Amino acid sequence: MSDVETMTGEWVARIEAARDLQSLELERVAALGKQGAITGLLKTLGGMTPEERQVEGPRIHSLRETVTEAIAARKSALETAELDRKLATETLDMSLPVSAGEQGSIHPVSQVMDELAEIFADLGFSVATGPEIEDDWHNFTALNIPESHPARAMHDTFYFGADKDGDGKRMLLRTHTSPVQIRAMQAQKPPLRIIAPGRTYRSDSDATHTPMFHQVEGLVIDRGIHLGHLKWTLETFLKAFFERDDIVLRLRPSYFPFTEPSAEVDVGYTIENGRRVVGGSDGWMEVLGSGMVHPRVLEACGLDPNEWQGFAFGSGIDRLAMLKYGMDDLRAFFDGDLRWLRHYGFSSLDVPTLSGGVGA
Amino acid sequence: MKFTLSWLKEHLETDASLEAIVDMLTCIGLEVEGVENPAEKLAPFVVAEVLTAEPHPQADKLQVLTVNTGDGEPVQVVCGAPNARAGLKGVFGGPGAYVPGSDLTLKVAAIRGVESRGMMCSVRELELGEEHDGIIELPADAPVGAGFAQWRGLDDPVIDVAVTPNRQDCMGVHGIARDLAAAGLGTLKAVNVKEIAGAFPCPIEIRTDDPEGCPAFYGRVIRGVKNGPSPDWLQQRLKAVGQRPISALVDMTNYIMLSYGRPLHVYDLAKLEGAIVARKAKDGETMLALNGKTYALDSSMTVIADDAGVHDIGGIMGGEDTGATEETTDVVIECAYFDPEGIARTGQKLALTSDARTRFERGVDPTFLEVGLQLATERALDLVGGEPSEIIRAGSPPAEQRIVEYRPQRCAELGGLDVPEERQKDILLSLGFEFEHGDPWKIDVPSWRRDVIGSADIVEEVIRIEGIDKVPSTPLPRAPGVAKPTATPEQLVERRVRRAAAERGLNEAVTWSFVSEAEAEPFGGSAWILDNPISEEMKAMRPSLLPGLLAAARRNIDRGAQSVRLFEVGRRYLGDREHPTIGLVLAGDRRARHWSTGKAEAFSAYDAKAEAMALLAAAGAPVDNLQALDGTAVYHPGRSARLCLGPRNALAEFGELHPATLKAFDLGVPVVAAEIYLDFIPLKRSGIGHMRAAYAPPPLQAVKRDFAFLLPTEARADTLLRAVRGADKQVIAGVSLFDVFTGQGVPEGRKSVAVEVVLQPGDKSFSHEELEAISSRIVAAAEKMGARLRD
């Protein structure tokens with residue numbers, strides 16, 4: 001074995017033995033630095049004969065290359081080890097809990113109103129609104145409930161101080177969403193299809209009644225609209241709302257001053273796990289009041305009953321929400337209890353859509 | 001309206017089962033609210049006879065009876081009733097029988113050492129009345145062993161129907177029978193009136209001086225009556241439907257009213273002075289009514305009076321002083337017609353309801369006065385005897401004949417059900433309508449159907465009797481293609497802010513629209529105070545959403561909530577109109593105790609601002625142009641602001657609440673809040689179509705420059721930011737504040753505010769001179785706002 005080959009083995013061994021980057025650097029200087037052993041060997045090439053150089057040149061260069069590679073490899077290994085050591089000191093407990101941000105919620109009444117808007121939009125209905133502080137003409141008189149009508153007394157109306165504007169109109173809190181029918185018919189030429197969800201008020205407070213509650217009104221005015229259209233619309237709506245095909249409706253003749261003929265609408269239910277579930281027909285629950293718009297109401301809005309006719313219906317939004325989502329206490333709707341809001345509320349992303357479903 | 005099955009069958013010839021009748025009533029619009037058979041709960045009780053009665057060996061007040069229950073061996077019963085004696089016939093319940101009035105189930109028991117195998121019952125124990133002085137005593141001919149309820153005629157189901165306000169005719173059994181007959185459930189029995197001629201002229205003058213309020217007042221006297229309790233059958237019938245028997249004469253009027261929907265009144269002739277007259281009350285007159293209350297009357301009310309005073313609030317309630325009593329020997333029977341609107345007004349004014357008012361205000365049959373009076377006379381003679389006078393007929397009832405023009409096609413056009421003409425005619429005839437044939441039909445509406453005024457009403461009659469369930473569902477015509485969007489810009493804004501708030505971690509509440517006046521006070525008071533609130537807490541329409549949310553926050557904190565983030569989307573009710581608003585409150589911990597710091601973090605006014613800004617942005621408000629002006633008094637004066645577009649146009653307000661507000665709402669933790677006035681936010685102009693502007697990113701990178709200014713401590717940073725932003729609108733692409741500092745190196749009364757300005761070059765880079773010029777403009781603009789570049 002030549003000297004150069006022996007040297008190669010020795011240098012590689014020394015490099016491998018370097019314990020850290022600093023001692024590796026000392027070895028590099030000793031081997032390849034200006035005064036280094038291998039640098040010295042390279043310098044000897046200049047004093048050699050061409051023949052000697054032809055033999056020794058490649059051997060010395062090979063030595064230098066091997067040593068350079070060994071240093072690079074050792075350096076990388078030492079750096080990796082160094083990083084590993086450093087990282088090992090930086091360990092955190094990744095099982096510690098983190099905050100996912102606060103979870104907000106949408107109130108069931110708002111969610112159901114959005115569901116109603118979505119379903120009825122598909123049937124060509126837009127959403128109309130009106131004031132909650134109404135005058136008695138819109139709330140009663142125009143709806144064929146004259147002052148002495150017994151139905152006025154049955155409405156448990158909240159009134160404000162007598163005749164504020166001196167125009168003979170008494171202001172009150174609307175007892176139903178029906179005055180929006182009047183406002184819609186006055187504002188728009190038929191044909192029209194609207195729903196009007198909103199707050200309504202009656203002076204009534206017990207286990208199942210609150211002085212404020214929510215109703216939705218529906219109104220269709222067109223030519224040739226009849227009771228059969230009303231029936232179909234309510235069936236179609238309830239099937240879409242409850243997302244069940246086994247919805248059964250029962251119409252019962254009834255009386256509302258602003259419709260003629262009038263019908264109350266019951267929906268069939270079954271008992272599942274001790275709770276009433278809409279669908280089937282083991283029993284009946286009243287969910288809607290409805291009828292064909294009374295000719296006097298059309299006249300009050302300036303429409304000719306011989307040309308235009310249509311239907312109207314009304315239902316309790318809170319009640320619809322209870323039937324769909326299973327709340328059993330109406331009063332809790334208006335308490336603002338965070339526990340209840342989180343339990344029955346909806347995610348902001350639960351936007352009702354026809355493709356994704358109107359229930360969440 | 002309650003009635004019994006046997007009562008119905010006096011007016012309806014039918015074989016239909018109870019179930020069929022009940023189902024049909026609901027189908028034709030007479031909703032059945034309940035059916036109860038009192039015999040069911042009395043089934044275990046039988047007629048029994050006491051054979052022997054011996055003193056109890058251990059107790060003075062008890063007796064030991066042997067009772068024949070008709071079941072073979074006599075039964076031993078221990079009884080405490082003073083009237084228990086041998087030979088008495090009464091009602092027996094054996095072991096296992098449930099006693100409804102005492103809520104107990106009988107069993108064999110030893111009472112003071114003597115075995116007792118059942119019970120002789122009192123009236124109260126069987127819920128037949130209030131008497132409890134002794135056990136029931138039955139007549140000697142009562143058959144021992146017979147079921148008591150059957151023998152007593154209690155096996156008569158009571159049906160309760162909800163009569164809608166338009167159907168006065170069904171506030172009597174006869175009208176209900178007519179509807180059922182029309183629906184095919186039997187034959188209506190005609191009203192059988194006997195003409196009872198008067199034996200002598202009516203001895204009292206009867207007249208009406210108020211032809212508007214009381215157009216007709218019929219009456220007659222019956223003299224020589226013997227009033228007293230009415231017979232069992234009548235008492236039972238009245239009790240079954242919830243009426244209290246009073247005396248034969250009063251019970252008679254109630255019986256006619258319940259049978260025919262025709263109210264009557266009976267006066268004691270001896271207690272009247274002079275003529276009996278229908279007239280308007282005089283202001284200040286009062287009357288003690290049969291319910292024991294005194295009513296103050298006024299000149300809008302129709303009353304019946306004599307020379308001494310008012311004895312009847314016409315058509316609503318009679319007076320205590322002149323009613324028939326056990327001592328009455330001569331009576332006046334009143335059968336009058338009162339104007340429905342007048343009755344309704346008087347009833348509402350006096351807050352007085354009665355069975356008579358319920359019928360008169362709905363409009364009784366104006367042709368039934370003569371018949372009603374004859375029926376009453378016949379029944380009275382039967383019950384209390386006596387001799388009737390001639391009838392006086394003062395005035396005349398409205399005799400309007402109502403003809404409705406009707407085309408039979410209307411049934412299909414409006415009702416959606418094609419009912420053959422002949423069938424329509426049959427239905428209408430059976431309901432008492434009459435016809436004049438032709439095109440259109442001229443339909444004569446019966447006098448008892450005041451509710452039928454037009455062809456829509458006729459359609460309803462046909463449909464409800466034919467069966468509303470037969471109306472076929474008919475799809476609404478649908479516009480071609482995919483449904484068009486319908487939401488208005490305002491509705492879209494409301495939906496967006498609601499979901500944005502929930503997305504930001506707030507919980508939506510719905511609180512009452514009314515608050516107490518005290519709660520409204522700090523928010524400027526309420527413009528709308530209810531006349532008849534349900535309570536003081538729900539009296540004033542809210543001028544702000546915050547009172548309701550603060551009360552909800554307090555309730556949550558009282559329940560132990562550490563952190564409350566509530567919002568509501570609703571209206572504020574101001575003097576001018578209703579304002580759609582979103583309000584929010586943040587109370588308690590912004591962040592619960594966390595291992596990173598070990599401490600909880602409280603909300604600050606800046607959290608309220610962050611929510612307000614985010615929601616304004618969601619609503620499409622121009623958030624960069626808003627000016628922060630001083631907040632209102634409910635807030636901390638130094639930690640609140642109104643966000644305005646111009647000095648008078650606030651879009652929102654936020655801040656930390658004033659300690660006085662917190663105290664008023666009994667809140668012990670700091671609370672920050674915000675309200676956004678949705679209707680003041682300018683609606684974004686809807687663009688033309690969905691196309692966006694062409695995408696053109698700047699070709700050159702932006703340049704950033706930092707400036708530090710000294711400002712008076714009380715100056716608002718946003719004025720500086722807006723001034724800097726406005727210094728060169730061409731090139732300044734953004735201004736952000738990154739440092740606010742007071743203390744070492746900053747003079748007293750000043751603060752250092754550092755901003756980073758982003759300058760966007762156009763198609764060539766800024767030269768040094770250009771940058772210098774822009775910087776000078778920025779500094780000059782800032783100086784106009786009282787700022788000075790920091791050295």
# chains A, B, ... in the order shown; residues from 1 in each chain; ligands from 1
$ residues_around --residues "Asp312 (chain B)" --least-positions-apart "5" --cutoff "12 Å" --atoms "only C-alpha atoms" --output "mmCIF file with C-alpha atoms, in the first residue's frame"
data_model
loop_
_atom_site.group_PDB
_atom_site.id
_atom_site.type_symbol
_atom_site.label_atom_id
_atom_site.label_comp_id
_atom_site.auth_asym_id
_atom_site.auth_seq_id
_atom_site.Cartn_x
_atom_site.Cartn_y
_atom_site.Cartn_z
ATOM 1 C CA LEU B 264 -135.755 35.722 27.255
ATOM 2 C CA HIS B 265 -136.142 37.532 30.507
ATOM 3 C CA VAL B 266 -138.723 37.221 33.273
ATOM 4 C CA TYR B 267 -139.678 40.041 35.668
ATOM 5 C CA LEU B 272 -142.357 46.905 38.697
ATOM 6 C CA ILE B 276 -141.913 48.755 31.323
ATOM 7 C CA VAL B 277 -139.993 50.460 28.574
ATOM 8 C CA ALA B 278 -136.974 49.887 26.377
ATOM 9 C CA ARG B 279 -135.030 53.136 26.306
ATOM 10 C CA LYS B 280 -131.517 54.538 26.347
ATOM 11 C CA ALA B 281 -129.976 54.678 29.798
ATOM 12 C CA GLU B 285 -127.820 55.480 36.063
ATOM 13 C CA THR B 286 -126.702 52.265 37.707
ATOM 14 C CA MET B 287 -128.088 48.768 37.999
ATOM 15 C CA LEU B 288 -127.342 45.873 40.340
ATOM 16 C CA ALA B 289 -127.133 42.915 37.977
ATOM 17 C CA LEU B 290 -127.903 39.254 38.620
ATOM 18 C CA THR B 294 -123.386 47.127 40.013
ATOM 19 C CA TYR B 295 -122.915 48.630 36.580
ATOM 20 C CA LEU B 297 -124.622 52.989 32.548
ATOM 21 C CA MET B 301 -126.766 51.786 26.202
ATOM 22 C CA THR B 302 -130.186 50.318 25.696
ATOM 23 C CA VAL B 303 -131.926 49.231 28.894
ATOM 24 C CA ILE B 304 -135.321 48.029 30.056
ATOM 25 C CA ALA B 305 -136.678 50.233 32.818
ATOM 26 C CA ASP B 306 -139.818 51.166 34.655
ATOM 27 C CA MET B 317 -128.153 40.813 31.915
ATOM 28 C CA GLY B 318 -131.207 41.322 34.092
ATOM 29 C CA GLY B 319 -131.367 43.154 37.420
ATOM 30 C CA GLU B 320 -131.205 41.542 40.821
ATOM 31 C CA ASP B 321 -134.173 43.449 42.232
ATOM 32 C CA THR B 322 -136.926 42.525 39.808
ATOM 33 C CA GLY B 323 -136.083 38.938 38.880
ATOM 34 C CA GLU B 334 -139.841 39.667 27.839
ATOM 35 C CA ALA B 336 -137.196 41.393 22.547
ATOM 36 C CA ALA B 356 -127.709 36.383 26.202
#
$ residues_around --residues "region 156-164 of chain B" --least-positions-apart "4" --cutoff "9 Å" --atoms "only C-alpha atoms" --output "PyMOL selection string"
(chain A and resi 254-256) or (chain B and resi 1-7+18+22+25-26+29-39+150+168+170-171+240-241)
$ closest_residue --among "A:Gly279, A:Pro295, A:Gly57, A:Gly268" --to "chain B" --atoms "only C-alpha atoms"
A:Pro295
$ select_by_dssp --residues "region 615-767 of chain B" --states "strand (DSSP E or B)" --output "ChimeraX atom specification"
/B:627-630,635-644,650-657,671-677,703-712,732-741,750-759
$ write_last_selection --atoms "C-alpha atoms" --output "PDB file, in the first residue's frame"
ATOM      1  CA  GLN B 627     -66.567  59.019  11.499  1.00  0.00           C
ATOM      2  CA  ALA B 628     -66.445  58.246  15.220  1.00  0.00           C
ATOM      3  CA  LEU B 629     -68.455  60.828  17.158  1.00  0.00           C
ATOM      4  CA  ASP B 630     -69.330  60.915  20.857  1.00  0.00           C
ATOM      5  CA  TYR B 635     -72.514  54.468  27.364  1.00  0.00           C
ATOM      6  CA  HIS B 636     -69.264  55.335  29.167  1.00  0.00           C
ATOM      7  CA  PRO B 637     -68.601  58.919  27.996  1.00  0.00           C
ATOM      8  CA  GLY B 638     -64.950  58.236  27.214  1.00  0.00           C
ATOM      9  CA  ARG B 639     -65.320  54.718  25.854  1.00  0.00           C
ATOM     10  CA  SER B 640     -68.045  54.829  23.288  1.00  0.00           C
ATOM     11  CA  ALA B 641     -68.755  56.316  19.919  1.00  0.00           C
ATOM     12  CA  ARG B 642     -71.350  56.706  17.254  1.00  0.00           C
ATOM     13  CA  LEU B 643     -70.196  55.693  13.808  1.00  0.00           C
ATOM     14  CA  CYS B 644     -71.563  58.283  11.427  1.00  0.00           C
ATOM     15  CA  ALA B 650     -75.346  57.553  12.752  1.00  0.00           C
ATOM     16  CA  LEU B 651     -75.193  54.033  11.320  1.00  0.00           C
ATOM     17  CA  ALA B 652     -74.128  52.427  14.560  1.00  0.00           C
ATOM     18  CA  GLU B 653     -73.167  53.034  18.128  1.00  0.00           C
ATOM     19  CA  PHE B 654     -70.920  50.994  20.370  1.00  0.00           C
ATOM     20  CA  GLY B 655     -68.997  51.157  23.592  1.00  0.00           C
ATOM     21  CA  GLU B 656     -68.653  50.166  27.175  1.00  0.00           C
ATOM     22  CA  LEU B 657     -71.919  50.741  29.029  1.00  0.00           C
ATOM     23  CA  VAL B 671     -70.667  45.014  29.598  1.00  0.00           C
ATOM     24  CA  VAL B 672     -69.903  46.312  26.127  1.00  0.00           C
ATOM     25  CA  ALA B 673     -72.572  46.644  23.504  1.00  0.00           C
ATOM     26  CA  ALA B 674     -73.345  47.864  20.030  1.00  0.00           C
ATOM     27  CA  GLU B 675     -76.355  48.638  17.894  1.00  0.00           C
ATOM     28  CA  ILE B 676     -76.396  48.934  14.138  1.00  0.00           C
ATOM     29  CA  TYR B 677     -79.200  50.868  12.508  1.00  0.00           C
ATOM     30  CA  VAL B 703     -43.781  51.227  -1.598  1.00  0.00           C
ATOM     31  CA  LYS B 704     -44.195  51.538   2.165  1.00  0.00           C
ATOM     32  CA  ARG B 705     -43.306  54.576   4.249  1.00  0.00           C
ATOM     33  CA  ASP B 706     -43.675  55.040   8.010  1.00  0.00           C
ATOM     34  CA  PHE B 707     -44.571  58.351   9.687  1.00  0.00           C
ATOM     35  CA  ALA B 708     -44.789  59.166  13.385  1.00  0.00           C
ATOM     36  CA  PHE B 709     -46.948  62.129  14.405  1.00  0.00           C
ATOM     37  CA  LEU B 710     -47.522  63.893  17.681  1.00  0.00           C
ATOM     38  CA  LEU B 711     -51.196  64.587  18.374  1.00  0.00           C
ATOM     39  CA  PRO B 712     -53.060  66.147  21.279  1.00  0.00           C
ATOM     40  CA  ILE B 732     -52.047  56.300  -1.372  1.00  0.00           C
ATOM     41  CA  ALA B 733     -53.410  52.771  -1.483  1.00  0.00           C
ATOM     42  CA  GLY B 734     -53.640  52.209   2.245  1.00  0.00           C
ATOM     43  CA  VAL B 735     -52.921  53.704   5.643  1.00  0.00           C
ATOM     44  CA  SER B 736     -52.585  51.610   8.754  1.00  0.00           C
ATOM     45  CA  LEU B 737     -51.905  52.631  12.321  1.00  0.00           C
ATOM     46  CA  PHE B 738     -49.268  50.448  13.973  1.00  0.00           C
ATOM     47  CA  ASP B 739     -48.304  52.284  17.143  1.00  0.00           C
ATOM     48  CA  VAL B 740     -49.836  54.601  19.739  1.00  0.00           C
ATOM     49  CA  PHE B 741     -47.483  55.740  22.472  1.00  0.00           C
ATOM     50  CA  ARG B 750     -49.436  64.642  23.385  1.00  0.00           C
ATOM     51  CA  LYS B 751     -49.451  61.139  22.025  1.00  0.00           C
ATOM     52  CA  SER B 752     -47.303  59.633  19.331  1.00  0.00           C
ATOM     53  CA  VAL B 753     -49.201  57.891  16.546  1.00  0.00           C
ATOM     54  CA  ALA B 754     -47.270  55.948  13.947  1.00  0.00           C
ATOM     55  CA  VAL B 755     -48.766  55.008  10.614  1.00  0.00           C
ATOM     56  CA  GLU B 756     -47.625  52.974   7.666  1.00  0.00           C
ATOM     57  CA  VAL B 757     -48.599  54.400   4.297  1.00  0.00           C
ATOM     58  CA  VAL B 758     -48.728  52.182   1.237  1.00  0.00           C
ATOM     59  CA  LEU B 759     -47.935  54.057  -1.986  1.00  0.00           C
TER      60      LEU B 759
END
$ residues_around --residues "region 111-113 of chain A" --least-positions-apart "6" --cutoff "8 Å" --atoms "only C-alpha atoms" --output "number ranges by chain"
A: 197, 317, 320-321, 346, 352
$ atom_distance --atom1 "CA of Phe160 (chain A)" --atom2 "CA of Ile343 (chain B)"
24.4 Å
$ closest_atom_pairs --of "region 54-145 of chain A" --to "region 506-522 of chain B" --cutoff "8 Å" --atoms "only C-alpha atoms" --output "CSV"
residue,atom,partner,partner_atom,distance
A:Glu102,CA,B:Leu506,CA,7.6
A:Gln103,CA,B:Leu506,CA,7.1
A:Gly104,CA,B:Leu506,CA,4.3
A:Ser105,CA,B:Asn507,CA,4.6
A:Ile106,CA,B:Glu508,CA,5.2
A:His107,CA,B:Glu508,CA,5.3
$ write_last_selection --atoms "C-alpha atoms" --output "mmCIF file, in the first residue's frame"
data_model
loop_
_atom_site.group_PDB
_atom_site.id
_atom_site.type_symbol
_atom_site.label_atom_id
_atom_site.label_comp_id
_atom_site.auth_asym_id
_atom_site.auth_seq_id
_atom_site.Cartn_x
_atom_site.Cartn_y
_atom_site.Cartn_z
ATOM 1 C CA GLU A 102 -66.691 30.966 19.890
ATOM 2 C CA GLN A 103 -69.617 29.065 18.426
ATOM 3 C CA GLY A 104 -72.502 31.377 17.603
ATOM 4 C CA SER A 105 -76.054 30.350 16.760
ATOM 5 C CA ILE A 106 -79.144 31.359 14.793
ATOM 6 C CA HIS A 107 -82.467 31.450 16.679
#
